[in-house]
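A.B. asks: Submitted below is the structure of interest, expressed as structure tokens.
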Amino acid sequence: MKVSGFIWLLLWFTFVTAGCWGQTLRQEAERDGILVSTAARLPPLSEPAYAATLAREFNMLEPEDAMKWAALRPDERTFDFREADALVRFAVEHKMKVRGHCLTWGRNNPDWLMQGHFTSNQLSRLLHEHITRVMEHYSGQVFAWDVVNEALEEKGTVRGSIWYDQPGIGFAGQGTAHIEQAFRWAHEADPKALLFYNEAEGEWMNRKSDAIYAMLKDFKQRGVPIDGVGLQMHIPFLEADTYGIAANIARLAALGLQVNITELDVSLPLDSNSMVRAEDLLRQAEIYRAIVRACLNSSNCTAIQTWGFTDKYSWIGSHSRGTRGQALPFDRIYRSKPAYRAVLDELSAGRSQSR
Ligand code: XIL
């Protein structure tokens, strides 16, 4: 048998056996109209196990890096959509939705932008053009966008960035006005797209989530076009205030906003051999379970997305300089972990289950 024949047989076997051994995350989520999603990378799509797991388990994907400025904008005049387009094609082929990430962020930007000494007028023109071109390119394919990512500090103040005050797009020192401007441009570019503000460390009740809430309350009162909030949910210390998460989602619901859990991972401490403790895998599963449950219990929580799905491809290793890892529901060889089982169980129980 030729190698490609063998690979297809393997793929077929994986799909068929997944069906026999039980439901997938995707099948369980679809019964309740929930989106179950993951960040995806292009290079590993050529790995049969990566592609098969992605298509089998998830009904949505979000390019992990391929829609950021650094990927889409090799220089000031060029838009390079090839990598992001390939991920969108995969999603379309497998009947998955696509969430876009992210149009405005102080990080993951190209050097020509960061070191270009642009004036505020020039930056305003560049950001407006970027939002318009990218959203028009993906109109009808990307149904929801993180329009602005991580624009607030932990203490709730506005974060310094090239878009805010370095030198900014013309609203330095004016609070959240530059964020509002990005949302207005995004709505003009694709009036049908759902527009999200995405943030880290504001998942439960704290100074940052209070500031997000205050900003969005103001936006809603003044008719700024915004549909929802992405709560990233990178959990670094095997602790999550899940009552606080539920309360936070509820107060955002009262503003008429959707919530998406956008970057869920629960990293574990690694020993000197890069191993984790068995009990930590179980604690990790319980955190996944409680977060999925908090979402399912809130009718405005419409998507649960992990930041990657296999420990083989996770940002946590480099982010923690090798001290933490194994944060995702599948291990490095695509075997499901207790965390996977916990998510599957909760999705099977569905929205109606109250715990
Ligand atoms: C990370 C990616 O996972 C890495 O591959 C990349 O090198 C850096 O960015 N918050 C976000 C994501 O909104 O875009 C970040 O993704 C992780 C933190």
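Identifiers in the structure tokens: chain A, B, ... in order shown; residue index from 1 per chain; ligand index from 1 in order shown.
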Give me the residues of chain A that have any atom at most 9 Å from an atom of ligand 1; for each, the nearest atom pair and the distance in Å, rounded to one decimal. Use only C-alpha atoms and all ligand atoms, sort by chain and number, and format it as JSON lines.

C.D. replies:
{"residue": "A:Ala39", "atom": "CA", "partner": "ligand 1", "partner_atom_place_in_ligand_line": "3 (O)", "distance": 8.1}
{"residue": "A:Arg41", "atom": "CA", "partner": "ligand 1", "partner_atom_place_in_ligand_line": "5 (O)", "distance": 8.5}
{"residue": "A:Glu64", "atom": "CA", "partner": "ligand 1", "partner_atom_place_in_ligand_line": "3 (O)", "distance": 5.7}
{"residue": "A:Asp65", "atom": "CA", "partner": "ligand 1", "partner_atom_place_in_ligand_line": "5 (O)", "distance": 5.9}
{"residue": "A:Lys68", "atom": "CA", "partner": "ligand 1", "partner_atom_place_in_ligand_line": "14 (O)", "distance": 7.9}
{"residue": "A:His101", "atom": "CA", "partner": "ligand 1", "partner_atom_place_in_ligand_line": "14 (O)", "distance": 7.1}
{"residue": "A:Cys102", "atom": "CA", "partner": "ligand 1", "partner_atom_place_in_ligand_line": "14 (O)", "distance": 7.4}
{"residue": "A:Trp105", "atom": "CA", "partner": "ligand 1", "partner_atom_place_in_ligand_line": "13 (O)", "distance": 8.4}
{"residue": "A:Arg107", "atom": "CA", "partner": "ligand 1", "partner_atom_place_in_ligand_line": "9 (O)", "distance": 8.2}
{"residue": "A:Asn108", "atom": "CA", "partner": "ligand 1", "partner_atom_place_in_ligand_line": "8 (C)", "distance": 6.6}
{"residue": "A:Asp146", "atom": "CA", "partner": "ligand 1", "partner_atom_place_in_ligand_line": "13 (O)", "distance": 9.0}
{"residue": "A:Asn149", "atom": "CA", "partner": "ligand 1", "partner_atom_place_in_ligand_line": "13 (O)", "distance": 6.2}
{"residue": "A:Glu150", "atom": "CA", "partner": "ligand 1", "partner_atom_place_in_ligand_line": "13 (O)", "distance": 7.0}
{"residue": "A:Asn198", "atom": "CA", "partner": "ligand 1", "partner_atom_place_in_ligand_line": "13 (O)", "distance": 7.3}
{"residue": "A:Glu199", "atom": "CA", "partner": "ligand 1", "partner_atom_place_in_ligand_line": "13 (O)", "distance": 7.2}
{"residue": "A:Ala200", "atom": "CA", "partner": "ligand 1", "partner_atom_place_in_ligand_line": "10 (N)", "distance": 6.8}
{"residue": "A:Gln232", "atom": "CA", "partner": "ligand 1", "partner_atom_place_in_ligand_line": "10 (N)", "distance": 7.1}
{"residue": "A:His234", "atom": "CA", "partner": "ligand 1", "partner_atom_place_in_ligand_line": "18 (C)", "distance": 7.9}
{"residue": "A:Thr262", "atom": "CA", "partner": "ligand 1", "partner_atom_place_in_ligand_line": "13 (O)", "distance": 8.5}
{"residue": "A:Glu263", "atom": "CA", "partner": "ligand 1", "partner_atom_place_in_ligand_line": "11 (C)", "distance": 7.3}
{"residue": "A:Trp307", "atom": "CA", "partner": "ligand 1", "partner_atom_place_in_ligand_line": "3 (O)", "distance": 7.0}
{"residue": "A:Gly308", "atom": "CA", "partner": "ligand 1", "partner_atom_place_in_ligand_line": "3 (O)", "distance": 8.0}
{"residue": "A:Tyr313", "atom": "CA", "partner": "ligand 1", "partner_atom_place_in_ligand_line": "5 (O)", "distance": 8.8}
{"residue": "A:Ser314", "atom": "CA", "partner": "ligand 1", "partner_atom_place_in_ligand_line": "3 (O)", "distance": 6.8}
{"residue": "A:Trp315", "atom": "CA", "partner": "ligand 1", "partner_atom_place_in_ligand_line": "3 (O)", "distance": 4.6}
{"residue": "A:Ile316", "atom": "CA", "partner": "ligand 1", "partner_atom_place_in_ligand_line": "3 (O)", "distance": 7.8}
{"residue": "A:Ser318", "atom": "CA", "partner": "ligand 1", "partner_atom_place_in_ligand_line": "7 (O)", "distance": 8.3}
{"residue": "A:His319", "atom": "CA", "partner": "ligand 1", "partner_atom_place_in_ligand_line": "8 (C)", "distance": 8.2}

A.B. asks: Output the selection as an mmCIF file, in the first residue's frame - N, CA, C and O atoms for each residue.

C.D. replies:
data_model
loop_
_atom_site.group_PDB
_atom_site.id
_atom_site.type_symbol
_atom_site.label_atom_id
_atom_site.label_comp_id
_atom_site.auth_asym_id
_atom_site.auth_seq_id
_atom_site.Cartn_x
_atom_site.Cartn_y
_atom_site.Cartn_z
ATOM 1 N N ALA A 39 -7.721 27.128 19.030
ATOM 2 C CA ALA A 39 -6.755 27.847 18.202
ATOM 3 C C ALA A 39 -6.030 26.824 17.331
ATOM 4 O O ALA A 39 -5.698 25.737 17.789
ATOM 5 N N ARG A 41 -3.015 26.012 14.121
ATOM 6 C CA ARG A 41 -1.816 26.443 13.389
ATOM 7 C C ARG A 41 -1.801 25.756 12.022
ATOM 8 O O ARG A 41 -2.296 24.636 11.901
ATOM 9 N N GLU A 64 -4.335 30.710 15.381
ATOM 10 C CA GLU A 64 -3.629 31.117 16.605
ATOM 11 C C GLU A 64 -2.794 32.376 16.368
ATOM 12 O O GLU A 64 -2.765 33.270 17.221
ATOM 13 N N ASP A 65 -2.115 32.430 15.235
ATOM 14 C CA ASP A 65 -1.268 33.585 14.929
ATOM 15 C C ASP A 65 -1.503 34.142 13.520
ATOM 16 O O ASP A 65 -1.070 35.251 13.217
ATOM 17 N N LYS A 68 -2.862 37.697 12.812
ATOM 18 C CA LYS A 68 -2.289 38.859 13.509
ATOM 19 C C LYS A 68 -1.531 39.733 12.508
ATOM 20 O O LYS A 68 -1.119 39.259 11.444
ATOM 21 N N HIS A 101 -8.866 36.587 14.930
ATOM 22 C CA HIS A 101 -8.069 37.094 16.068
ATOM 23 C C HIS A 101 -6.746 37.589 15.518
ATOM 24 O O HIS A 101 -6.046 36.784 14.928
ATOM 25 N N CYS A 102 -6.381 38.804 15.710
ATOM 26 C CA CYS A 102 -7.091 39.919 16.279
ATOM 27 C C CYS A 102 -6.695 41.157 15.476
ATOM 28 O O CYS A 102 -5.604 41.212 14.959
ATOM 29 N N TRP A 105 -3.902 45.083 18.436
ATOM 30 C CA TRP A 105 -3.211 44.607 19.639
ATOM 31 C C TRP A 105 -1.857 45.303 19.700
ATOM 32 O O TRP A 105 -1.243 45.552 18.666
ATOM 33 N N ARG A 107 0.743 43.906 20.741
ATOM 34 C CA ARG A 107 1.805 42.905 20.572
ATOM 35 C C ARG A 107 1.606 42.118 19.277
ATOM 36 O O ARG A 107 0.621 42.269 18.591
ATOM 37 N N ASN A 108 2.601 41.275 18.989
ATOM 38 C CA ASN A 108 2.575 40.454 17.759
ATOM 39 C C ASN A 108 2.388 41.317 16.502
ATOM 40 O O ASN A 108 1.685 40.951 15.567
ATOM 41 N N ASP A 146 -12.171 39.275 17.187
ATOM 42 C CA ASP A 146 -11.596 40.035 18.299
ATOM 43 C C ASP A 146 -11.102 41.339 17.675
ATOM 44 O O ASP A 146 -10.064 41.361 17.000
ATOM 45 N N ASN A 149 -7.611 43.541 21.334
ATOM 46 C CA ASN A 149 -7.100 42.533 22.257
ATOM 47 C C ASN A 149 -6.259 43.198 23.348
ATOM 48 O O ASN A 149 -5.417 44.055 23.043
ATOM 49 N N GLU A 150 -6.514 42.832 24.594
ATOM 50 C CA GLU A 150 -5.649 43.198 25.725
ATOM 51 C C GLU A 150 -5.294 44.682 25.778
ATOM 52 O O GLU A 150 -4.121 45.033 25.805
ATOM 53 N N ASN A 198 -11.487 41.307 23.512
ATOM 54 C CA ASN A 198 -10.867 40.109 24.084
ATOM 55 C C ASN A 198 -9.829 40.516 25.133
ATOM 56 O O ASN A 198 -9.038 41.430 24.902
ATOM 57 N N GLU A 199 -9.860 39.843 26.282
ATOM 58 C CA GLU A 199 -8.952 40.289 27.358
ATOM 59 C C GLU A 199 -8.470 39.122 28.220
ATOM 60 O O GLU A 199 -9.155 38.106 28.357
ATOM 61 N N ALA A 200 -7.282 39.282 28.767
ATOM 62 C CA ALA A 200 -6.687 38.316 29.690
ATOM 63 C C ALA A 200 -6.934 38.749 31.134
ATOM 64 O O ALA A 200 -7.132 39.938 31.403
ATOM 65 N N GLN A 232 -10.190 35.260 28.027
ATOM 66 C CA GLN A 232 -9.135 34.363 27.526
ATOM 67 C C GLN A 232 -9.049 33.057 28.323
ATOM 68 O O GLN A 232 -8.965 31.988 27.768
ATOM 69 N N HIS A 234 -6.540 31.787 30.352
ATOM 70 C CA HIS A 234 -5.283 31.047 30.565
ATOM 71 C C HIS A 234 -5.144 30.881 32.077
ATOM 72 O O HIS A 234 -5.007 31.874 32.798
ATOM 73 N N THR A 262 -12.188 32.241 25.186
ATOM 74 C CA THR A 262 -11.429 32.279 23.936
ATOM 75 C C THR A 262 -10.073 31.578 23.957
ATOM 76 O O THR A 262 -9.574 31.206 22.896
ATOM 77 N N GLU A 263 -9.441 31.430 25.115
ATOM 78 C CA GLU A 263 -8.063 30.901 25.062
ATOM 79 C C GLU A 263 -7.793 29.943 26.212
ATOM 80 O O GLU A 263 -6.697 29.924 26.802
ATOM 81 N N TRP A 307 -6.841 27.004 23.795
ATOM 82 C CA TRP A 307 -5.742 27.642 23.037
ATOM 83 C C TRP A 307 -4.808 26.555 22.511
ATOM 84 O O TRP A 307 -3.730 26.327 23.022
ATOM 85 N N GLY A 308 -5.287 25.904 21.440
ATOM 86 C CA GLY A 308 -4.652 24.690 20.944
ATOM 87 C C GLY A 308 -5.358 23.501 21.575
ATOM 88 O O GLY A 308 -6.211 23.664 22.463
ATOM 89 N N TYR A 313 1.581 21.097 20.511
ATOM 90 C CA TYR A 313 1.620 22.465 19.985
ATOM 91 C C TYR A 313 0.870 23.380 20.936
ATOM 92 O O TYR A 313 -0.332 23.568 20.803
ATOM 93 N N SER A 314 1.600 23.918 21.905
ATOM 94 C CA SER A 314 0.984 24.824 22.864
ATOM 95 C C SER A 314 1.980 25.939 23.144
ATOM 96 O O SER A 314 3.182 25.710 23.212
ATOM 97 N N TRP A 315 1.460 27.142 23.322
ATOM 98 C CA TRP A 315 2.354 28.286 23.559
ATOM 99 C C TRP A 315 2.928 28.273 24.973
ATOM 100 O O TRP A 315 3.869 28.984 25.273
ATOM 101 N N ILE A 316 2.343 27.429 25.875
ATOM 102 C CA ILE A 316 2.697 27.502 27.291
ATOM 103 C C ILE A 316 4.184 27.202 27.537
ATOM 104 O O ILE A 316 4.829 27.831 28.379
ATOM 105 N N SER A 318 6.940 27.828 25.741
ATOM 106 C CA SER A 318 7.834 28.971 25.553
ATOM 107 C C SER A 318 7.424 30.129 26.460
ATOM 108 O O SER A 318 8.281 30.821 27.023
ATOM 109 N N HIS A 319 6.136 30.293 26.667
ATOM 110 C CA HIS A 319 5.660 31.393 27.514
ATOM 111 C C HIS A 319 6.180 31.254 28.952
ATOM 112 O O HIS A 319 6.523 32.236 29.600
#

A.B. asks: Near Ala29 (chain A), within 9 Å and counting only C-alpha atoms, which residues show up once chain neighbours fewer than 5 positions away are dropped, as a list in words?

C.D. replies: Thr24, Ile34, Leu35, Val36, Phe58, Asn59, Leu344, Leu347, Ser348 and Gly350 of chain A

A.B. asks: Just the residues within 7 Å of region 328-339 of chain A, please, counting only C-alpha atoms, with nothing from its chain fewer than 2 positions along; format it as a VMD selection string.

C.D. replies: chain A and resid 265 to 266 281 to 282 284 to 285 288 308 to 312 326 341 to 343

A.B. asks: Write out the residues from the selection above, keeping C-alpha atoms, as a CSV table (one decimal), in the first residue's frame.

C.D. replies:
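Below is the file that was written, out10.csv:
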chain,number,residue,atom,x,y,z
A,265,ASP,CA,-5.7,26.3,28.9
A,266,VAL,CA,-4.7,25.0,32.4
A,281,LEU,CA,-3.9,16.0,35.7
A,282,LEU,CA,-7.1,15.3,37.8
A,284,GLN,CA,-6.7,20.2,35.8
A,285,ALA,CA,-9.7,18.1,34.6
A,288,TYR,CA,-11.8,22.4,32.8
A,308,GLY,CA,-4.7,24.7,20.9
A,309,PHE,CA,-5.7,21.1,21.7
A,310,THR,CA,-2.6,19.0,21.8
A,311,ASP,CA,0.3,19.5,24.2
A,312,LYS,CA,2.6,19.0,21.2
A,326,GLN,CA,0.7,19.9,29.4
A,341,ARG,CA,-13.3,13.5,29.4
A,342,ALA,CA,-14.4,16.3,31.8
A,343,VAL,CA,-15.3,18.6,28.9

A.B. asks: Work out how far apart CA of Pro43 (chain A) and CA of Ala55 (chain A) are and give it in Å to one decimal.

C.D. replies: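 One can read the CA of Pro43 (chain A) to CA of Ala55 (chain A) distance as 15.4 Å.
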
A.B. asks: For region 156-160 of chain A, please output as a CSV table (one decimal) with all heavy atoms, in the first residue's frame all residues within 8 Å (counting only C-alpha atoms; exclusion window: fewer than 4 positions along the same chain).

C.D. replies:
chain,number,residue,atom,x,y,z
A,150,GLU,N,-6.5,42.8,24.6
A,150,GLU,CA,-5.6,43.2,25.7
A,150,GLU,C,-5.3,44.7,25.8
A,150,GLU,O,-4.1,45.0,25.8
A,150,GLU,CB,-4.4,42.4,25.7
A,150,GLU,CG,-4.6,40.9,25.8
A,150,GLU,CD,-3.3,40.1,25.8
A,150,GLU,OE1,-2.2,40.6,25.8
A,150,GLU,OE2,-3.4,38.8,25.9
A,151,ALA,N,-6.3,45.5,25.8
A,151,ALA,CA,-6.0,47.0,25.8
A,151,ALA,C,-6.0,47.6,27.3
A,151,ALA,O,-5.8,48.8,27.4
A,151,ALA,CB,-7.1,47.7,25.0
A,152,LEU,N,-6.2,46.7,28.3
A,152,LEU,CA,-6.3,47.2,29.7
A,152,LEU,C,-5.1,46.6,30.5
A,152,LEU,O,-4.7,45.4,30.2
A,152,LEU,CB,-7.6,46.9,30.3
A,152,LEU,CG,-8.8,47.6,29.6
A,152,LEU,CD1,-10.1,47.1,30.3
A,152,LEU,CD2,-8.7,49.1,29.6
A,164,TYR,N,-2.6,53.3,21.4
A,164,TYR,CA,-3.2,54.3,22.4
A,164,TYR,C,-2.4,55.5,22.6
A,164,TYR,O,-2.9,56.6,22.3
A,164,TYR,CB,-3.3,53.5,23.8
A,164,TYR,CG,-3.8,54.4,24.9
A,164,TYR,CD1,-4.9,55.3,24.8
A,164,TYR,CD2,-3.0,54.5,26.1
A,164,TYR,CE1,-5.3,56.1,25.8
A,164,TYR,CE2,-3.4,55.3,27.2
A,164,TYR,CZ,-4.5,56.2,27.0
A,164,TYR,OH,-4.9,57.0,28.0
A,165,ASP,N,-1.1,55.4,23.0
A,165,ASP,CA,-0.3,56.6,23.3
A,165,ASP,C,1.1,56.5,22.9
A,165,ASP,O,1.9,57.4,23.3
A,165,ASP,CB,-0.4,56.8,24.8
A,165,ASP,CG,0.2,55.6,25.6
A,165,ASP,OD1,0.5,54.6,25.0
A,165,ASP,OD2,0.4,55.7,26.8
A,166,GLN,N,1.5,55.6,22.0
A,166,GLN,CA,2.9,55.5,21.6
A,166,GLN,C,3.1,55.6,20.1
A,166,GLN,O,3.7,54.6,19.5
A,166,GLN,CB,3.5,54.2,22.2
A,166,GLN,CG,3.5,54.2,23.7
A,166,GLN,CD,3.8,52.8,24.3
A,166,GLN,OE1,4.2,51.9,23.6
A,166,GLN,NE2,3.5,52.6,25.6
A,175,GLY,N,-8.7,57.9,27.6
A,175,GLY,CA,-9.4,56.7,28.0
A,175,GLY,C,-9.5,55.6,27.0
A,175,GLY,O,-8.6,55.3,26.3
A,176,THR,N,-10.8,55.2,26.8
A,176,THR,CA,-11.0,54.1,25.9
A,176,THR,C,-11.4,54.5,24.5
A,176,THR,O,-12.0,53.7,23.7
A,176,THR,CB,-12.1,53.1,26.5
A,176,THR,OG1,-13.3,53.9,26.7
A,176,THR,CG2,-11.6,52.6,27.8
A,207,ARG,N,-10.1,43.9,39.5
A,207,ARG,CA,-10.0,45.3,39.0
A,207,ARG,C,-10.1,45.3,37.5
A,207,ARG,O,-10.7,46.2,36.9
A,207,ARG,CB,-8.7,46.0,39.5
A,207,ARG,CG,-8.7,46.3,41.0
A,207,ARG,CD,-7.5,47.0,41.4
A,207,ARG,NE,-6.3,46.2,41.2
A,207,ARG,CZ,-5.1,46.7,41.4
A,207,ARG,NH1,-4.9,47.9,41.8
A,207,ARG,NH2,-4.0,45.9,41.2
A,208,LYS,N,-9.5,44.3,36.8
A,208,LYS,CA,-9.6,44.4,35.4
A,208,LYS,C,-11.0,44.1,34.9
A,208,LYS,O,-11.5,44.7,34.0
A,208,LYS,CB,-8.5,43.4,34.8
A,208,LYS,CG,-8.3,43.8,33.3
A,208,LYS,CD,-7.5,42.8,32.5
A,208,LYS,CE,-6.1,43.1,32.4
A,208,LYS,NZ,-5.3,42.3,31.5
A,209,SER,N,-11.6,43.0,35.4
A,209,SER,CA,-12.9,42.7,34.9
A,209,SER,C,-13.9,43.8,35.2
A,209,SER,O,-14.9,44.1,34.5
A,209,SER,CB,-13.4,41.4,35.4
A,209,SER,OG,-13.6,41.4,36.8
A,210,ASP,N,-13.7,44.5,36.4
A,210,ASP,CA,-14.5,45.7,36.7
A,210,ASP,C,-14.3,46.8,35.6
A,210,ASP,O,-15.3,47.5,35.2
A,210,ASP,CB,-14.2,46.3,38.0
A,210,ASP,CG,-14.6,45.4,39.2
A,210,ASP,OD1,-15.4,44.5,39.0
A,210,ASP,OD2,-14.2,45.7,40.4
A,211,ALA,N,-13.1,47.0,35.2
A,211,ALA,CA,-12.8,48.0,34.2
A,211,ALA,C,-13.4,47.6,32.8
A,211,ALA,O,-13.9,48.5,32.1
A,211,ALA,CB,-11.3,48.2,34.1
A,212,ILE,N,-13.3,46.3,32.5
A,212,ILE,CA,-13.9,45.9,31.2
A,212,ILE,C,-15.4,46.1,31.3
A,212,ILE,O,-16.0,46.7,30.3
A,212,ILE,CB,-13.7,44.3,31.0
A,212,ILE,CG1,-12.2,44.0,30.9
A,212,ILE,CG2,-14.4,43.8,29.8
A,212,ILE,CD1,-11.9,42.5,30.9

A.B. asks: Give me, please, the distance in Å between CA of Leu194 (chain A) and CA of Arg77 (chain A), quoted to one decimal.

C.D. replies: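 Distance reported for this atom pair: 27.3 Å.
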